[in-house]
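A.B. asks: If you scroll down you'll find the structure; I have some questions about it.
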Amino acid sequence: MTTLDYIVEMNRRGYQLMEQYAAIILKKMLTCKPCGYVDLASPAAIGIGGIIYNYDGRVFGSDEGRMLAACGDTRFLMGDLRSDTYEELFTKSDLLDVIWRTMCEGVPGCCDCAFQPWCGAAPVFHYATQCDVVGHKPTSEFCRRNMAIMTYLVELMEANAEIQQLFERWAQV
Ligand code: SF4
C-alpha cells in the first residue's frame, strides 16, 4: 500500500486528510485555477514566481538556488541588494535565458509528453543533478517521479468513482 492509498483509505473511513502534492497536481488536472506551485510551472518560475533575499543582501531566483549557493555554487545568483538596481537584478545574470529555455512546451521530452500541461521545469534541480538547467528527461528523477505520480492519480480516478470525487474535492481546496 502506498502512502496515498493509506490517506485515501483514511478518508474512506471518515477522517478527512489531504495529500498536499497530489492536491496540487489534481488542481492542475481538474480545474482551470493556477496552483501557484513554482516547481510545476512552465516556464520555470525562477525569478518570476518569486525572488529570494538572502540575509547578506544577495538575491536569488529561487530558494533552491540560494541553497546551492550555500554549498558553494552561485549559478542562480541574480545580484546584490547593496550594489545592484532593480533592473540589474533581473538582467545581469542569465535569468531570462533560463526562463526562456525552460518552457516545457518546447523542451525535448516534455514537448511530446501527455503530462506536460500539468508538469513543470525545475531548472535548479536539473542543474544540480545533471549540470543542465533543462535536463535530460529520460534520466531525470524529477520527470520519473512526476510521471509516476500523475499516472497513478489518473489510474485511481479511473478505477474508482469514490476516489474521483475525493480528488475533485482536493482539487478545489
Ligand atoms: S513528466 Fe517528464 S517529460 Fe513529461 S512534462 Fe514532466 S518532466 Fe517533461
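For the C-alpha cells, the naming scheme is as follows: chains receive sequential letters (A, B, ...) according to their order of presentation, residues are indexed from 1 within each chain, and ligands are indexed from 1 in presentation order.
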Find the residues near ligand 1. Use a cut-off of 8 Å, count only C-alpha atoms and all ligand atoms, and write them as number ranges by chain.
C.D. replies: A: 104, 107-121, 137-138, 140, 142-147
A.B. asks: Save the residues we just selected, N, CA, C and O atoms, as an mmCIF file, in the first residue's frame?
C.D. replies:
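Final output, saved to result10.cif:
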data_model
loop_
_atom_site.group_PDB
_atom_site.id
_atom_site.type_symbol
_atom_site.label_atom_id
_atom_site.label_comp_id
_atom_site.auth_asym_id
_atom_site.auth_seq_id
_atom_site.Cartn_x
_atom_site.Cartn_y
_atom_site.Cartn_z
ATOM 1 N N CYS A 104 8.227 24.274 -20.957
ATOM 2 C CA CYS A 104 8.039 22.835 -21.206
ATOM 3 C C CYS A 104 7.483 22.547 -22.599
ATOM 4 O O CYS A 104 7.782 21.509 -23.191
ATOM 5 N N VAL A 107 10.525 21.998 -24.741
ATOM 6 C CA VAL A 107 11.678 21.268 -24.201
ATOM 7 C C VAL A 107 11.688 19.826 -24.716
ATOM 8 O O VAL A 107 10.645 19.168 -24.707
ATOM 9 N N PRO A 108 12.838 19.325 -25.179
ATOM 10 C CA PRO A 108 12.899 17.923 -25.620
ATOM 11 C C PRO A 108 12.363 16.989 -24.541
ATOM 12 O O PRO A 108 12.723 17.097 -23.385
ATOM 13 N N GLY A 109 11.522 16.077 -24.951
ATOM 14 C CA GLY A 109 10.912 15.143 -23.988
ATOM 15 C C GLY A 109 9.573 15.668 -23.524
ATOM 16 O O GLY A 109 8.535 15.034 -23.737
ATOM 17 N N CYS A 110 9.574 16.860 -22.939
ATOM 18 C CA CYS A 110 8.327 17.427 -22.413
ATOM 19 C C CYS A 110 7.362 17.820 -23.531
ATOM 20 O O CYS A 110 6.146 17.693 -23.370
ATOM 21 N N CYS A 111 7.895 18.297 -24.644
ATOM 22 C CA CYS A 111 7.012 18.805 -25.707
ATOM 23 C C CYS A 111 6.110 17.711 -26.267
ATOM 24 O O CYS A 111 5.039 18.000 -26.791
ATOM 25 N N ASP A 112 6.539 16.447 -26.145
ATOM 26 C CA ASP A 112 5.733 15.327 -26.659
ATOM 27 C C ASP A 112 5.042 14.542 -25.545
ATOM 28 O O ASP A 112 4.473 13.479 -25.798
ATOM 29 N N CYS A 113 5.106 15.043 -24.314
ATOM 30 C CA CYS A 113 4.631 14.286 -23.164
ATOM 31 C C CYS A 113 3.168 14.635 -22.856
ATOM 32 O O CYS A 113 2.788 15.806 -22.809
ATOM 33 N N ALA A 114 2.369 13.601 -22.608
ATOM 34 C CA ALA A 114 0.945 13.817 -22.308
ATOM 35 C C ALA A 114 0.753 14.568 -20.991
ATOM 36 O O ALA A 114 -0.274 15.206 -20.778
ATOM 37 N N PHE A 115 1.749 14.500 -20.105
ATOM 38 C CA PHE A 115 1.616 15.130 -18.788
ATOM 39 C C PHE A 115 2.068 16.594 -18.785
ATOM 40 O O PHE A 115 1.970 17.262 -17.762
ATOM 41 N N GLN A 116 2.562 17.057 -19.886
ATOM 42 C CA GLN A 116 3.182 18.380 -19.947
ATOM 43 C C GLN A 116 2.306 19.532 -19.421
ATOM 44 O O GLN A 116 2.793 20.395 -18.694
ATOM 45 N N PRO A 117 0.970 19.547 -19.689
ATOM 46 C CA PRO A 117 0.164 20.673 -19.155
ATOM 47 C C PRO A 117 0.127 20.709 -17.630
ATOM 48 O O PRO A 117 -0.205 21.732 -17.043
ATOM 49 N N TRP A 118 0.423 19.594 -16.977
ATOM 50 C CA TRP A 118 0.354 19.521 -15.516
ATOM 51 C C TRP A 118 1.739 19.590 -14.874
ATOM 52 O O TRP A 118 1.845 19.589 -13.643
ATOM 53 N N CYS A 119 2.773 19.581 -15.683
ATOM 54 C CA CYS A 119 4.128 19.406 -15.139
ATOM 55 C C CYS A 119 4.875 20.746 -15.059
ATOM 56 O O CYS A 119 4.272 21.811 -15.108
ATOM 57 N N GLY A 120 6.185 20.670 -14.891
ATOM 58 C CA GLY A 120 6.981 21.886 -14.733
ATOM 59 C C GLY A 120 8.417 21.668 -15.158
ATOM 60 O O GLY A 120 8.725 20.686 -15.840
ATOM 61 N N ALA A 121 9.298 22.579 -14.720
ATOM 62 C CA ALA A 121 10.646 22.581 -15.287
ATOM 63 C C ALA A 121 11.760 22.253 -14.286
ATOM 64 O O ALA A 121 12.675 21.510 -14.598
ATOM 65 N N LYS A 137 15.391 14.427 -19.704
ATOM 66 C CA LYS A 137 14.181 13.929 -19.049
ATOM 67 C C LYS A 137 14.127 12.391 -18.928
ATOM 68 O O LYS A 137 13.635 11.888 -17.902
ATOM 69 N N PRO A 138 14.624 11.626 -19.893
ATOM 70 C CA PRO A 138 14.556 10.159 -19.702
ATOM 71 C C PRO A 138 15.337 9.662 -18.482
ATOM 72 O O PRO A 138 15.049 8.572 -17.976
ATOM 73 N N SER A 140 15.850 11.824 -15.737
ATOM 74 C CA SER A 140 15.593 12.814 -14.687
ATOM 75 C C SER A 140 14.719 12.222 -13.574
ATOM 76 O O SER A 140 13.633 11.698 -13.841
ATOM 77 N N PHE A 142 13.204 14.003 -11.350
ATOM 78 C CA PHE A 142 12.025 14.875 -11.314
ATOM 79 C C PHE A 142 10.961 14.359 -12.280
ATOM 80 O O PHE A 142 9.776 14.244 -11.936
ATOM 81 N N CYS A 143 11.390 14.024 -13.497
ATOM 82 C CA CYS A 143 10.468 13.521 -14.515
ATOM 83 C C CYS A 143 9.895 12.179 -14.094
ATOM 84 O O CYS A 143 8.677 11.960 -14.158
ATOM 85 N N ARG A 144 10.754 11.273 -13.658
ATOM 86 C CA ARG A 144 10.307 9.925 -13.286
ATOM 87 C C ARG A 144 9.262 9.998 -12.171
ATOM 88 O O ARG A 144 8.230 9.343 -12.219
ATOM 89 N N ARG A 145 9.546 10.857 -11.177
ATOM 90 C CA ARG A 145 8.644 10.973 -10.031
ATOM 91 C C ARG A 145 7.283 11.540 -10.449
ATOM 92 O O ARG A 145 6.234 10.990 -10.104
ATOM 93 N N ASN A 146 7.324 12.640 -11.192
ATOM 94 C CA ASN A 146 6.057 13.267 -11.573
ATOM 95 C C ASN A 146 5.247 12.383 -12.509
ATOM 96 O O ASN A 146 4.018 12.290 -12.395
ATOM 97 N N MET A 147 5.934 11.719 -13.429
ATOM 98 C CA MET A 147 5.232 10.838 -14.358
ATOM 99 C C MET A 147 4.532 9.709 -13.582
ATOM 100 O O MET A 147 3.377 9.376 -13.852
#
A.B. asks: Name all residues at most 10 Å from Tyr21 of chain A (count only C-alpha atoms; drop same-chain ones fewer than 5 positions away) and give them as a PyMOL selection string.
C.D. replies: chain A and resi 26-27+37+149
A.B. asks: Would you put the residues from that selection into a file with C-alpha atoms, as a PDB file, in the first residue's frame?
C.D. replies:
ATOM      1  CA  LEU A  26      -5.062  17.499  -9.113  1.00  0.00           C
ATOM      2  CA  LYS A  27      -5.771  21.232  -9.108  1.00  0.00           C
ATOM      3  CA  TYR A  37       3.421  25.891  -7.081  1.00  0.00           C
ATOM      4  CA  ILE A 149       2.504  10.259  -9.548  1.00  0.00           C
TER       5      ILE A 149
END
A.B. asks: List every residue of chain A that DSSP, applied to the backbone of this structure, assigns to strand (DSSP E), and report them as a list in words.
C.D. replies: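 Reading the DSSP output for chain A, strand (DSSP E) covers Ile52, Tyr53, Arg58, Val59, Phe60, Leu77, Met78, Gly79 and Asp80 of chain A.
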A.B. asks: Give me the residues of segment 29-93 of chain A that have any atom at most 12 Å from an atom of segment 164-169 of chain A; for each, the nearest atom pair and the distance in Å, rounded to one decimal. Use only C-alpha atoms, sort by chain and number, and format it as a Markdown table.
C.D. replies:
| residue | atom | partner | partner_atom | distance |
| --- | --- | --- | --- | --- |
| A:Met29 | CA | A:Glu168 | CA | 9.6 |
| A:Leu30 | CA | A:Glu168 | CA | 7.0 |
| A:Thr31 | CA | A:Glu168 | CA | 8.8 |
A.B. asks: Grab the atom CA of Leu68 of chain A to atom CA of Glu87 of chain A distance for me, in Å with one decimal place.
C.D. replies: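 We find that atom CA of Leu68 of chain A and atom CA of Glu87 of chain A lie 23.6 Å from each other.
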A.B. asks: Can you tell me, as JSON, numbers by chain, what residues are no more than 12 Å from Tyr55 of chain A when counting only C-alpha atoms, ignoring any on the same chain fewer than 4 positions away?
C.D. replies: {"A": [59, 60, 66, 70, 80, 81, 82]}
A.B. asks: Got time to write the residues from that selection, all heavy atoms, as a CSV table (one decimal), in the first residue's frame?
C.D. replies:
chain,number,residue,atom,x,y,z
A,59,VAL,N,20.7,38.2,-3.8
A,59,VAL,CA,19.4,37.9,-4.3
A,59,VAL,C,19.4,36.7,-5.2
A,59,VAL,O,20.3,36.6,-6.1
A,59,VAL,CB,18.8,39.1,-5.0
A,59,VAL,CG1,17.3,38.8,-5.5
A,59,VAL,CG2,18.8,40.3,-4.1
A,60,PHE,N,18.5,35.7,-5.0
A,60,PHE,CA,18.4,34.5,-5.8
A,60,PHE,C,17.1,34.4,-6.5
A,60,PHE,O,16.1,34.9,-6.0
A,60,PHE,CB,18.7,33.3,-5.0
A,60,PHE,CG,20.1,33.3,-4.4
A,60,PHE,CD1,20.4,33.9,-3.1
A,60,PHE,CD2,21.2,32.8,-5.1
A,60,PHE,CE1,21.7,34.0,-2.6
A,60,PHE,CE2,22.5,32.8,-4.6
A,60,PHE,CZ,22.7,33.4,-3.3
A,66,ARG,N,19.4,29.6,-3.8
A,66,ARG,CA,20.1,30.1,-2.6
A,66,ARG,C,20.8,28.9,-1.8
A,66,ARG,O,21.9,29.1,-1.4
A,66,ARG,CB,19.1,30.7,-1.6
A,66,ARG,CG,19.6,31.4,-0.4
A,66,ARG,CD,18.5,31.8,0.6
A,66,ARG,NE,17.8,30.6,1.0
A,66,ARG,CZ,18.2,29.8,2.0
A,66,ARG,NH1,19.4,30.0,2.6
A,66,ARG,NH2,17.5,28.8,2.3
A,70,ALA,N,24.8,28.2,-0.9
A,70,ALA,CA,25.3,27.8,0.4
A,70,ALA,C,26.3,26.7,0.4
A,70,ALA,O,27.1,26.5,1.2
A,70,ALA,CB,24.1,27.5,1.4
A,80,ASP,N,23.0,41.6,-6.0
A,80,ASP,CA,23.2,42.0,-4.6
A,80,ASP,C,22.4,43.3,-4.4
A,80,ASP,O,22.6,44.3,-5.1
A,80,ASP,CB,24.7,42.2,-4.4
A,80,ASP,CG,24.9,42.2,-2.9
A,80,ASP,OD1,24.3,43.0,-2.1
A,80,ASP,OD2,25.8,41.5,-2.4
A,81,LEU,N,21.6,43.3,-3.3
A,81,LEU,CA,20.8,44.4,-3.0
A,81,LEU,C,21.6,45.7,-2.7
A,81,LEU,O,21.2,46.8,-2.9
A,81,LEU,CB,20.0,44.2,-1.7
A,81,LEU,CG,18.7,43.4,-1.9
A,81,LEU,CD1,18.0,43.2,-0.5
A,81,LEU,CD2,17.7,44.2,-2.8
A,82,ARG,N,22.9,45.5,-2.2
A,82,ARG,CA,23.7,46.6,-1.8
A,82,ARG,C,24.3,47.3,-3.0
A,82,ARG,O,24.8,48.4,-2.9
A,82,ARG,CB,24.8,46.1,-0.9
A,82,ARG,CG,24.3,45.5,0.4
A,82,ARG,CD,25.3,44.7,1.2
A,82,ARG,NE,25.6,43.5,0.4
A,82,ARG,CZ,26.4,42.5,0.9
A,82,ARG,NH1,26.9,42.6,2.0
A,82,ARG,NH2,26.6,41.4,0.1
A.B. asks: Can you work out the spacing between atom CA of Ile99 of chain A and atom CA of Ile46 of chain A in Å, to one decimal?
C.D. replies: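 Value for the atom CA of Ile99 of chain A-atom CA of Ile46 of chain A distance: 7.1 Å.
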A.B. asks: Please return, as a PDB file with C-alpha atoms, in the first residue's frame, all residues of chain A that DSSP assigns to alpha helix (DSSP H) on the basis of the backbone.
C.D. replies:
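Output contents, as saved in part.pdb:
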ATOM      1  CA  THR A   3       1.115   6.440   1.421  1.00  0.00           C
ATOM      2  CA  LEU A   4      -1.508   7.881  -0.915  1.00  0.00           C
ATOM      3  CA  ASP A   5      -3.530   4.645  -0.692  1.00  0.00           C
ATOM      4  CA  TYR A   6      -3.381   4.914   3.091  1.00  0.00           C
ATOM      5  CA  ILE A   7      -4.567   8.533   3.045  1.00  0.00           C
ATOM      6  CA  VAL A   8      -7.393   7.651   0.649  1.00  0.00           C
ATOM      7  CA  GLU A   9      -8.384   4.826   2.992  1.00  0.00           C
ATOM      8  CA  MET A  10      -8.391   7.251   5.956  1.00  0.00           C
ATOM      9  CA  ASN A  11     -10.805   9.469   4.027  1.00  0.00           C
ATOM     10  CA  ARG A  12     -12.980   6.462   3.187  1.00  0.00           C
ATOM     11  CA  GLN A  20      -0.743  18.095  -0.489  1.00  0.00           C
ATOM     12  CA  TYR A  21       1.407  17.306  -3.539  1.00  0.00           C
ATOM     13  CA  ALA A  22      -1.359  15.172  -5.038  1.00  0.00           C
ATOM     14  CA  ALA A  23      -3.794  18.034  -4.378  1.00  0.00           C
ATOM     15  CA  ILE A  24      -1.501  20.497  -6.216  1.00  0.00           C
ATOM     16  CA  ILE A  25      -1.322  18.226  -9.263  1.00  0.00           C
ATOM     17  CA  LEU A  26      -5.062  17.499  -9.113  1.00  0.00           C
ATOM     18  CA  LYS A  27      -5.771  21.232  -9.108  1.00  0.00           C
ATOM     19  CA  LYS A  28      -3.824  21.455 -12.371  1.00  0.00           C
ATOM     20  CA  MET A  29      -5.527  18.353 -13.782  1.00  0.00           C
ATOM     21  CA  LEU A  30      -9.122  19.055 -12.839  1.00  0.00           C
ATOM     22  CA  ASP A  63      15.237  29.099  -2.596  1.00  0.00           C
ATOM     23  CA  GLU A  64      16.918  26.066  -4.179  1.00  0.00           C
ATOM     24  CA  GLY A  65      19.310  28.493  -5.917  1.00  0.00           C
ATOM     25  CA  ARG A  66      20.065  30.060  -2.553  1.00  0.00           C
ATOM     26  CA  MET A  67      20.699  26.626  -1.041  1.00  0.00           C
ATOM     27  CA  LEU A  68      23.007  25.741  -3.906  1.00  0.00           C
ATOM     28  CA  ALA A  69      24.990  28.921  -3.212  1.00  0.00           C
ATOM     29  CA  ALA A  70      25.291  27.848   0.438  1.00  0.00           C
ATOM     30  CA  TYR A  86      16.109  46.580  -9.555  1.00  0.00           C
ATOM     31  CA  GLU A  87      16.650  46.400 -13.325  1.00  0.00           C
ATOM     32  CA  GLU A  88      20.151  44.980 -12.918  1.00  0.00           C
ATOM     33  CA  LEU A  89      18.896  42.215 -10.631  1.00  0.00           C
ATOM     34  CA  PHE A  90      16.753  40.894 -13.466  1.00  0.00           C
ATOM     35  CA  THR A  91      19.151  41.438 -16.349  1.00  0.00           C
ATOM     36  CA  LEU A  95      17.949  34.520 -15.592  1.00  0.00           C
ATOM     37  CA  LEU A  96      15.948  35.445 -18.681  1.00  0.00           C
ATOM     38  CA  ASP A  97      17.797  32.811 -20.712  1.00  0.00           C
ATOM     39  CA  VAL A  98      16.960  30.147 -18.089  1.00  0.00           C
ATOM     40  CA  ILE A  99      13.290  31.148 -18.180  1.00  0.00           C
ATOM     41  CA  TRP A 100      13.277  31.091 -21.973  1.00  0.00           C
ATOM     42  CA  ARG A 101      14.928  27.635 -22.084  1.00  0.00           C
ATOM     43  CA  PRO A 123      15.896  24.150 -13.539  1.00  0.00           C
ATOM     44  CA  VAL A 124      17.861  24.235 -10.270  1.00  0.00           C
ATOM     45  CA  PHE A 125      17.171  20.547  -9.624  1.00  0.00           C
ATOM     46  CA  HIS A 126      18.269  19.608 -13.136  1.00  0.00           C
ATOM     47  CA  TYR A 127      21.349  21.816 -12.960  1.00  0.00           C
ATOM     48  CA  ALA A 128      22.303  20.294  -9.578  1.00  0.00           C
ATOM     49  CA  THR A 129      21.725  16.697 -10.688  1.00  0.00           C
ATOM     50  CA  GLN A 130      22.509  16.817 -14.421  1.00  0.00           C
ATOM     51  CA  GLU A 141      14.387  11.880 -11.205  1.00  0.00           C
ATOM     52  CA  PHE A 142      12.025  14.875 -11.314  1.00  0.00           C
ATOM     53  CA  CYS A 143      10.468  13.521 -14.515  1.00  0.00           C
ATOM     54  CA  ARG A 144      10.307   9.925 -13.286  1.00  0.00           C
ATOM     55  CA  ARG A 145       8.644  10.973 -10.031  1.00  0.00           C
ATOM     56  CA  ASN A 146       6.057  13.267 -11.573  1.00  0.00           C
ATOM     57  CA  MET A 147       5.232  10.838 -14.358  1.00  0.00           C
ATOM     58  CA  ALA A 148       4.651   8.052 -11.799  1.00  0.00           C
ATOM     59  CA  ILE A 149       2.504  10.259  -9.548  1.00  0.00           C
ATOM     60  CA  MET A 150       0.373  11.615 -12.380  1.00  0.00           C
ATOM     61  CA  THR A 151      -0.118   8.145 -13.872  1.00  0.00           C
ATOM     62  CA  TYR A 152      -1.176   6.772 -10.501  1.00  0.00           C
ATOM     63  CA  LEU A 153      -3.612   9.620  -9.835  1.00  0.00           C
ATOM     64  CA  VAL A 154      -5.310   9.021 -13.189  1.00  0.00           C
ATOM     65  CA  GLU A 155      -5.406   5.255 -12.615  1.00  0.00           C
ATOM     66  CA  LEU A 156      -7.020   5.703  -9.204  1.00  0.00           C
ATOM     67  CA  MET A 157      -9.673   8.055 -10.563  1.00  0.00           C
ATOM     68  CA  GLU A 158     -10.451   5.772 -13.490  1.00  0.00           C
ATOM     69  CA  ALA A 159     -10.774   2.728 -11.229  1.00  0.00           C
ATOM     70  CA  ALA A 161     -15.687   6.863  -8.702  1.00  0.00           C
ATOM     71  CA  GLU A 162     -15.478   7.456  -4.949  1.00  0.00           C
ATOM     72  CA  ILE A 163     -11.768   8.292  -5.227  1.00  0.00           C
ATOM     73  CA  GLN A 164     -12.507  10.542  -8.180  1.00  0.00           C
ATOM     74  CA  GLN A 165     -14.990  12.508  -6.047  1.00  0.00           C
ATOM     75  CA  LEU A 166     -12.437  12.752  -3.233  1.00  0.00           C
ATOM     76  CA  PHE A 167      -9.780  14.017  -5.648  1.00  0.00           C
ATOM     77  CA  GLU A 168     -12.212  16.546  -7.124  1.00  0.00           C
ATOM     78  CA  ARG A 169     -12.698  17.920  -3.591  1.00  0.00           C
ATOM     79  CA  TRP A 170      -8.917  18.100  -3.041  1.00  0.00           C
ATOM     80  CA  ALA A 171      -8.541  19.957  -6.353  1.00  0.00           C
ATOM     81  CA  GLN A 172     -10.894  22.691  -5.137  1.00  0.00           C
TER      82      GLN A 172
END
A.B. asks: How many Å separate atom CA of Ile51 of chain A from atom CA of Lys92 of chain A?
C.D. replies: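 Result for atom CA of Ile51 of chain A versus atom CA of Lys92 of chain A: 14.7 Å, one decimal.
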A.B. asks: Of the residues A:Val173, A:Met78, A:Thr2, A:Glu105, which is the one nearest to Tyr53 of chain A, using only C-alpha atoms?
C.D. replies: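 Checking each candidate against Tyr53 of chain A, we get A:Met78 as the closest.
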